[in-house]
Protein chains: 2
Amino acid sequence: MTIKAVVFDAYGTLYDVQSVADVAEQCFPGHGDVITQIWRLKQLEYTWLRSLMERYEDFTTVTRESLVFTLRSLGLAQEPAVVARLMERYLRLDPYPDAGSTLAALGRYQRAILSNGSPAMLKALVKATGLNQLLDATISVDARKVFKPSPLAYTLIEQVLGTPPAEVLFVSSNPFDVCGAKSFGLNVAWIERVPAAALVQDLAQRDRIAPRTLFNILRAQPEELGFAPDYRVSALADLPAIVAG
Amino acid sequence: MTIKAVVFDAYGTLYDVQSVADVAEQCFPGHGDVITQIWRLKQLEYTWLRSLMERYEDFTTVTRESLVFTLRSLGLAQEPAVVARLMERYLRLDPYPDAGSTLAALGRYQRAILSNGSPAMLKALVKATGLNQLLDATISVDARKVFKPSPLAYTLIEQVLGTPPAEVLFVSSNPFDVCGAKSFGLNVAWIERVPAAALVQDLAQRDRIAPRTLFNILRAQPEELGFAPDYRVSALADLPAIVAG
């Protein structure tokens with residue numbers, strides 16, 4: 001394998017979507033965790049449903065609508081100022097601790113993001129966190145008006161970078177994204193952030209489950225979709241050695 | 001509105017997907033609820049993901065793969081005999097108590113199912129429960145090799161029944177299906193099985209939540225996708241009066 005480009009998913013891979021929990025907890029004491037999990041679950045559902053319905057709206061809209069759904073379903077007020085404050089947190093999510101150092105260590109390769117995020121959200125996010133200086137391109141699926149895991153989304157890598165799938169390592173912590181990228185034909189590394197053994201430990205009490213645990217079941221375990229990653233690593237920091245072969 | 005056909009979603013609308021919980025509990029004591037909820041959540045996710053990945057497999061495969069995912073993620077054995085026993089329960093789900101009487105009361109209209117189910121699953125289900133005698137057609141999305149809410153799935157109603165969308169009342173308890181059907185152009189009645197107030201009551205303890213409650217948040221509340229049903233009813237039995245106008 002000769003890799004010329006390393007392309008990262010953004011939300012959950014370079015950036016921790018769980019970092020909205022602090023503001024969620026400040027806005028709604030006692031509800032921070034459940035808001036965080038339902039919001040993210042619904043946000044992804046809406047990307048899939050809108051794509052399938054052929055009713056694309058960009059990720060800013062999807063993120064706001066999934067937040068409104070979350071607050072309404074939980075019986076919480078959907079005040080515009082609070083919605084705005086939660087949405088703003090999405091523009092400055094915490095990068096994972098090894099995100100910057102990993103991108104820096106991959107300086108000899110093309111480095112890019114391919115994300116569901118809208119161009120405006122991604123631009124704000126990489127600038128706020130300084131990762132813009134370590135990336136050659138920040139690619140939004142918005143150019144195709146369809147979300148991952150549609151194969152159309154992954155075609156943007158070659159279109160923007162000029163690098164064919166066989167020479168790209170795509171990196172994601174999201175198992176559905178791993179399957180989509182493999183199905184499309186990319187080399188894929190999966191960042192396993194929630195080892196199965198740790199998850200089963202969290203499930204000792206099965207009649208009531210922490211929302212985060214449910215999230216970890218639904219969103220952090222390998223999918224049964226017929227596609228497996230080429231590499232399975234526990235952190236971004238493991239990538240430079242893999243790419244070097 | 002002149003309605004000539006009433007077309008029902010199957011899983012969750014005429015048939016209670018929660019009825020697998022008894023066998024799940026027998027196979028895995030203490031885990032019946034969590035298995036039931038994760039299985040159904042993942043089953044629907046896989047219909048959306050496979051459709052979007054352009055990797056259609058039929059609902060029998062999707063249902064089995066989502067069950068395997070569920071057992072694996074929960075740290076439970078995936079023995080073939082147990083998987084087969086749980087899968088078999090899907091072929092004889094409990095109809096809602098008013099399913100048969102509602103279909104009977106609608107005898108002057110065309111009555112059909114439009115379901116994600118594979119032809120084999122649906123045929124077994126309507127026969128086992130006797131609803132086959134009250135239906136003019138049992139339509140599977142399998143003919144289009146894509147799942148709801150793709151508009152292609154809903155085109156099958158007119159193709160099979162010969163009745164245009166404006167003369168069809170589509171009935172579903174699944175909010176994503178309501179949105180897909182409305183987006184396509186059908187008249188739509190939503191069966192609201194979990195009133196919002198009841199849900200908020202279940203959420204009094206927010207740090208740990210019953211799996212069924214999480215399911216009810218994710219799958220039983222109106223979606224924020226820009227489409228609302230024409231009718232919102234609490235049970236199938238409310239339908240004949242609506243159709244009569």
# chains A, B, ... in the order shown; residues from 1 in each chain; ligands from 1
call {"tool": "residues_around", "arguments": {"residues": "Ala77 of chain B", "least_positions_apart": "6", "cutoff": "10 Å", "atoms": "only C-alpha atoms", "output": "ChimeraX atom specification"}}
result
/B:28,68,71,83
call {"tool": "closest_atom_pairs", "arguments": {"of": "chain A", "to": "chain B", "cutoff": "9 Å", "atoms": "only C-alpha atoms", "output": "CSV"}}
result
residue,atom,partner,partner_atom,distance
A:Gly30,CA,B:Arg206,CA,7.0
A:His31,CA,B:Arg206,CA,6.4
A:Asp33,CA,B:Asp207,CA,7.4
A:Val34,CA,B:Arg206,CA,6.9
A:Ile38,CA,B:Leu218,CA,7.5
A:Leu41,CA,B:Leu218,CA,8.2
A:Lys42,CA,B:Leu218,CA,7.3
A:Glu45,CA,B:Glu45,CA,7.8
A:Tyr46,CA,B:Leu225,CA,7.5
A:Trp48,CA,B:Trp48,CA,6.2
A:Leu49,CA,B:Pro149,CA,6.9
A:Arg50,CA,B:Leu225,CA,7.6
A:Ser51,CA,B:Leu52,CA,7.4
A:Leu52,CA,B:Ser150,CA,5.0
A:Met53,CA,B:Ser150,CA,4.9
A:Glu54,CA,B:Ser150,CA,7.4
A:Arg55,CA,B:Ser183,CA,8.3
A:Val62,CA,B:Leu225,CA,8.5
A:Glu65,CA,B:Glu224,CA,5.6
A:Ser66,CA,B:Glu224,CA,6.8
A:Val68,CA,B:Glu224,CA,7.5
A:Phe69,CA,B:Glu224,CA,6.0
A:Thr70,CA,B:Ile217,CA,8.3
A:Arg72,CA,B:Ala196,CA,8.7
A:Ser73,CA,B:Ile217,CA,6.2
A:Leu74,CA,B:Val200,CA,5.9
A:Gly75,CA,B:Val200,CA,5.8
A:Phe147,CA,B:Leu52,CA,8.6
A:Lys148,CA,B:Leu52,CA,7.9
A:Pro149,CA,B:Met53,CA,5.6
A:Ser150,CA,B:Met53,CA,4.9
A:Pro151,CA,B:Met53,CA,6.1
A:Phe176,CA,B:Leu49,CA,7.5
A:Cys179,CA,B:Met53,CA,8.6
A:Gly180,CA,B:Met53,CA,6.1
A:Ser183,CA,B:Met53,CA,7.4
A:Phe184,CA,B:Met53,CA,8.3
A:Ala196,CA,B:Ser73,CA,6.8
A:Ala197,CA,B:Gly75,CA,7.9
A:Leu199,CA,B:Ser73,CA,7.8
A:Val200,CA,B:Gly75,CA,5.8
A:Leu203,CA,B:Leu74,CA,7.4
A:Arg206,CA,B:His31,CA,6.4
A:Asp207,CA,B:Ala210,CA,5.8
A:Arg208,CA,B:Ala210,CA,4.3
A:Ile209,CA,B:Arg208,CA,4.8
A:Ala210,CA,B:Arg208,CA,4.3
A:Pro211,CA,B:Arg208,CA,6.7
A:Leu214,CA,B:Pro211,CA,8.1
A:Ile217,CA,B:Ser73,CA,6.2
A:Leu218,CA,B:Lys42,CA,7.3
A:Gln221,CA,B:Ser73,CA,6.8
A:Pro222,CA,B:Phe69,CA,8.0
A:Glu223,CA,B:Phe69,CA,6.8
A:Glu224,CA,B:Glu65,CA,5.6
A:Leu225,CA,B:Glu65,CA,7.4
call {"tool": "residues_around", "arguments": {"residues": "Pro164 of chain B", "least_positions_apart": "5", "cutoff": "12 Å", "atoms": "only C-alpha atoms", "output": "PDB file with N, CA and C atoms, in the first residue's frame"}}
result
ATOM      1  N   THR B   2     -60.934  12.293  -1.297  1.00  0.00           N
ATOM      2  CA  THR B   2     -61.615  11.034  -1.588  1.00  0.00           C
ATOM      3  C   THR B   2     -60.592   9.912  -1.513  1.00  0.00           C
ATOM      4  N   ILE B   3     -60.724   9.102  -0.492  1.00  0.00           N
ATOM      5  CA  ILE B   3     -59.764   8.023  -0.263  1.00  0.00           C
ATOM      6  C   ILE B   3     -60.303   6.736  -0.879  1.00  0.00           C
ATOM      7  N   LYS B   4     -59.444   6.101  -1.682  1.00  0.00           N
ATOM      8  CA  LYS B   4     -59.838   4.822  -2.269  1.00  0.00           C
ATOM      9  C   LYS B   4     -59.050   3.656  -1.693  1.00  0.00           C
ATOM     10  N   ALA B   5     -57.878   3.983  -1.116  1.00  0.00           N
ATOM     11  CA  ALA B   5     -57.041   2.919  -0.562  1.00  0.00           C
ATOM     12  C   ALA B   5     -56.450   3.346   0.776  1.00  0.00           C
ATOM     13  N   VAL B   6     -56.415   2.422   1.722  1.00  0.00           N
ATOM     14  CA  VAL B   6     -55.754   2.666   2.996  1.00  0.00           C
ATOM     15  C   VAL B   6     -54.585   1.687   3.080  1.00  0.00           C
ATOM     16  N   TYR B 154     -42.316   4.266  -1.922  1.00  0.00           N
ATOM     17  CA  TYR B 154     -43.738   4.626  -1.904  1.00  0.00           C
ATOM     18  C   TYR B 154     -44.385   4.579  -3.288  1.00  0.00           C
ATOM     19  N   THR B 155     -43.554   4.593  -4.342  1.00  0.00           N
ATOM     20  CA  THR B 155     -44.133   4.481  -5.698  1.00  0.00           C
ATOM     21  C   THR B 155     -44.819   3.140  -5.909  1.00  0.00           C
ATOM     22  N   LEU B 156     -44.470   2.158  -5.089  1.00  0.00           N
ATOM     23  CA  LEU B 156     -45.048   0.824  -5.266  1.00  0.00           C
ATOM     24  C   LEU B 156     -46.548   0.790  -4.997  1.00  0.00           C
ATOM     25  N   ILE B 157     -47.041   1.727  -4.206  1.00  0.00           N
ATOM     26  CA  ILE B 157     -48.477   1.720  -3.901  1.00  0.00           C
ATOM     27  C   ILE B 157     -49.279   1.889  -5.189  1.00  0.00           C
ATOM     28  N   GLU B 158     -48.950   2.927  -5.933  1.00  0.00           N
ATOM     29  CA  GLU B 158     -49.693   3.151  -7.178  1.00  0.00           C
ATOM     30  C   GLU B 158     -49.429   2.028  -8.182  1.00  0.00           C
ATOM     31  N   GLN B 159     -48.194   1.549  -8.207  1.00  0.00           N
ATOM     32  CA  GLN B 159     -47.884   0.490  -9.174  1.00  0.00           C
ATOM     33  C   GLN B 159     -48.707  -0.762  -8.902  1.00  0.00           C
ATOM     34  N   LEU B 169     -54.664   6.889   1.721  1.00  0.00           N
ATOM     35  CA  LEU B 169     -54.300   7.257   3.089  1.00  0.00           C
ATOM     36  C   LEU B 169     -53.254   6.264   3.565  1.00  0.00           C
ATOM     37  N   PHE B 170     -52.070   6.760   3.851  1.00  0.00           N
ATOM     38  CA  PHE B 170     -50.993   5.922   4.356  1.00  0.00           C
ATOM     39  C   PHE B 170     -50.959   6.060   5.871  1.00  0.00           C
ATOM     40  N   PHE B 184     -43.321  12.311  -0.124  1.00  0.00           N
ATOM     41  CA  PHE B 184     -43.647  11.692  -1.417  1.00  0.00           C
ATOM     42  C   PHE B 184     -44.960  12.215  -1.987  1.00  0.00           C
ATOM     43  N   GLY B 185     -45.896  12.588  -1.098  1.00  0.00           N
ATOM     44  CA  GLY B 185     -47.153  13.143  -1.581  1.00  0.00           C
ATOM     45  C   GLY B 185     -48.407  12.374  -1.198  1.00  0.00           C
ATOM     46  N   LEU B 186     -48.270  11.423  -0.288  1.00  0.00           N
ATOM     47  CA  LEU B 186     -49.439  10.674   0.189  1.00  0.00           C
ATOM     48  C   LEU B 186     -50.183  11.454   1.264  1.00  0.00           C
ATOM     49  N   ASN B 187     -51.461  11.140   1.455  1.00  0.00           N
ATOM     50  CA  ASN B 187     -52.163  11.546   2.672  1.00  0.00           C
ATOM     51  C   ASN B 187     -51.681  10.629   3.783  1.00  0.00           C
TER      52      ASN B 187
END
call {"tool": "atom_distance", "arguments": {"atom1": "atom CA of Tyr231 of chain B", "atom2": "atom CA of Val171 of chain B"}}
result
9.3 Å
call {"tool": "select_by_dssp", "arguments": {"residues": "segment 100-172 of chain A", "states": "alpha helix (DSSP H)", "output": "list of chain:residue names"}}
result
A:Gly100, A:Ser101, A:Thr102, A:Leu103, A:Ala104, A:Ala105, A:Pro119, A:Ala120, A:Met121, A:Leu122, A:Lys123, A:Ala124, A:Leu125, A:Val126, A:Lys127, A:Ala128, A:Pro151, A:Leu152, A:Ala153, A:Tyr154, A:Thr155, A:Leu156, A:Ile157, A:Glu158, A:Gln159, A:Val160, A:Leu161
call {"tool": "closest_residue", "arguments": {"among": "A:Cys27, A:Tyr15, A:Gln37, A:Ile242", "to": "Gln78 of chain A", "atoms": "only C-alpha atoms"}}
result
A:Cys27
call {"tool": "closest_residue", "arguments": {"among": "B:Val20, B:Gly107, B:Tyr96, B:Leu114", "to": "Leu236 of chain B", "atoms": "only C-alpha atoms"}}
result
B:Tyr96
call {"tool": "closest_residue", "arguments": {"among": "A:Asp58, A:Pro95, A:Ser173, A:Arg111", "to": "Arg144 of chain A", "atoms": "only C-alpha atoms"}}
result
A:Asp58
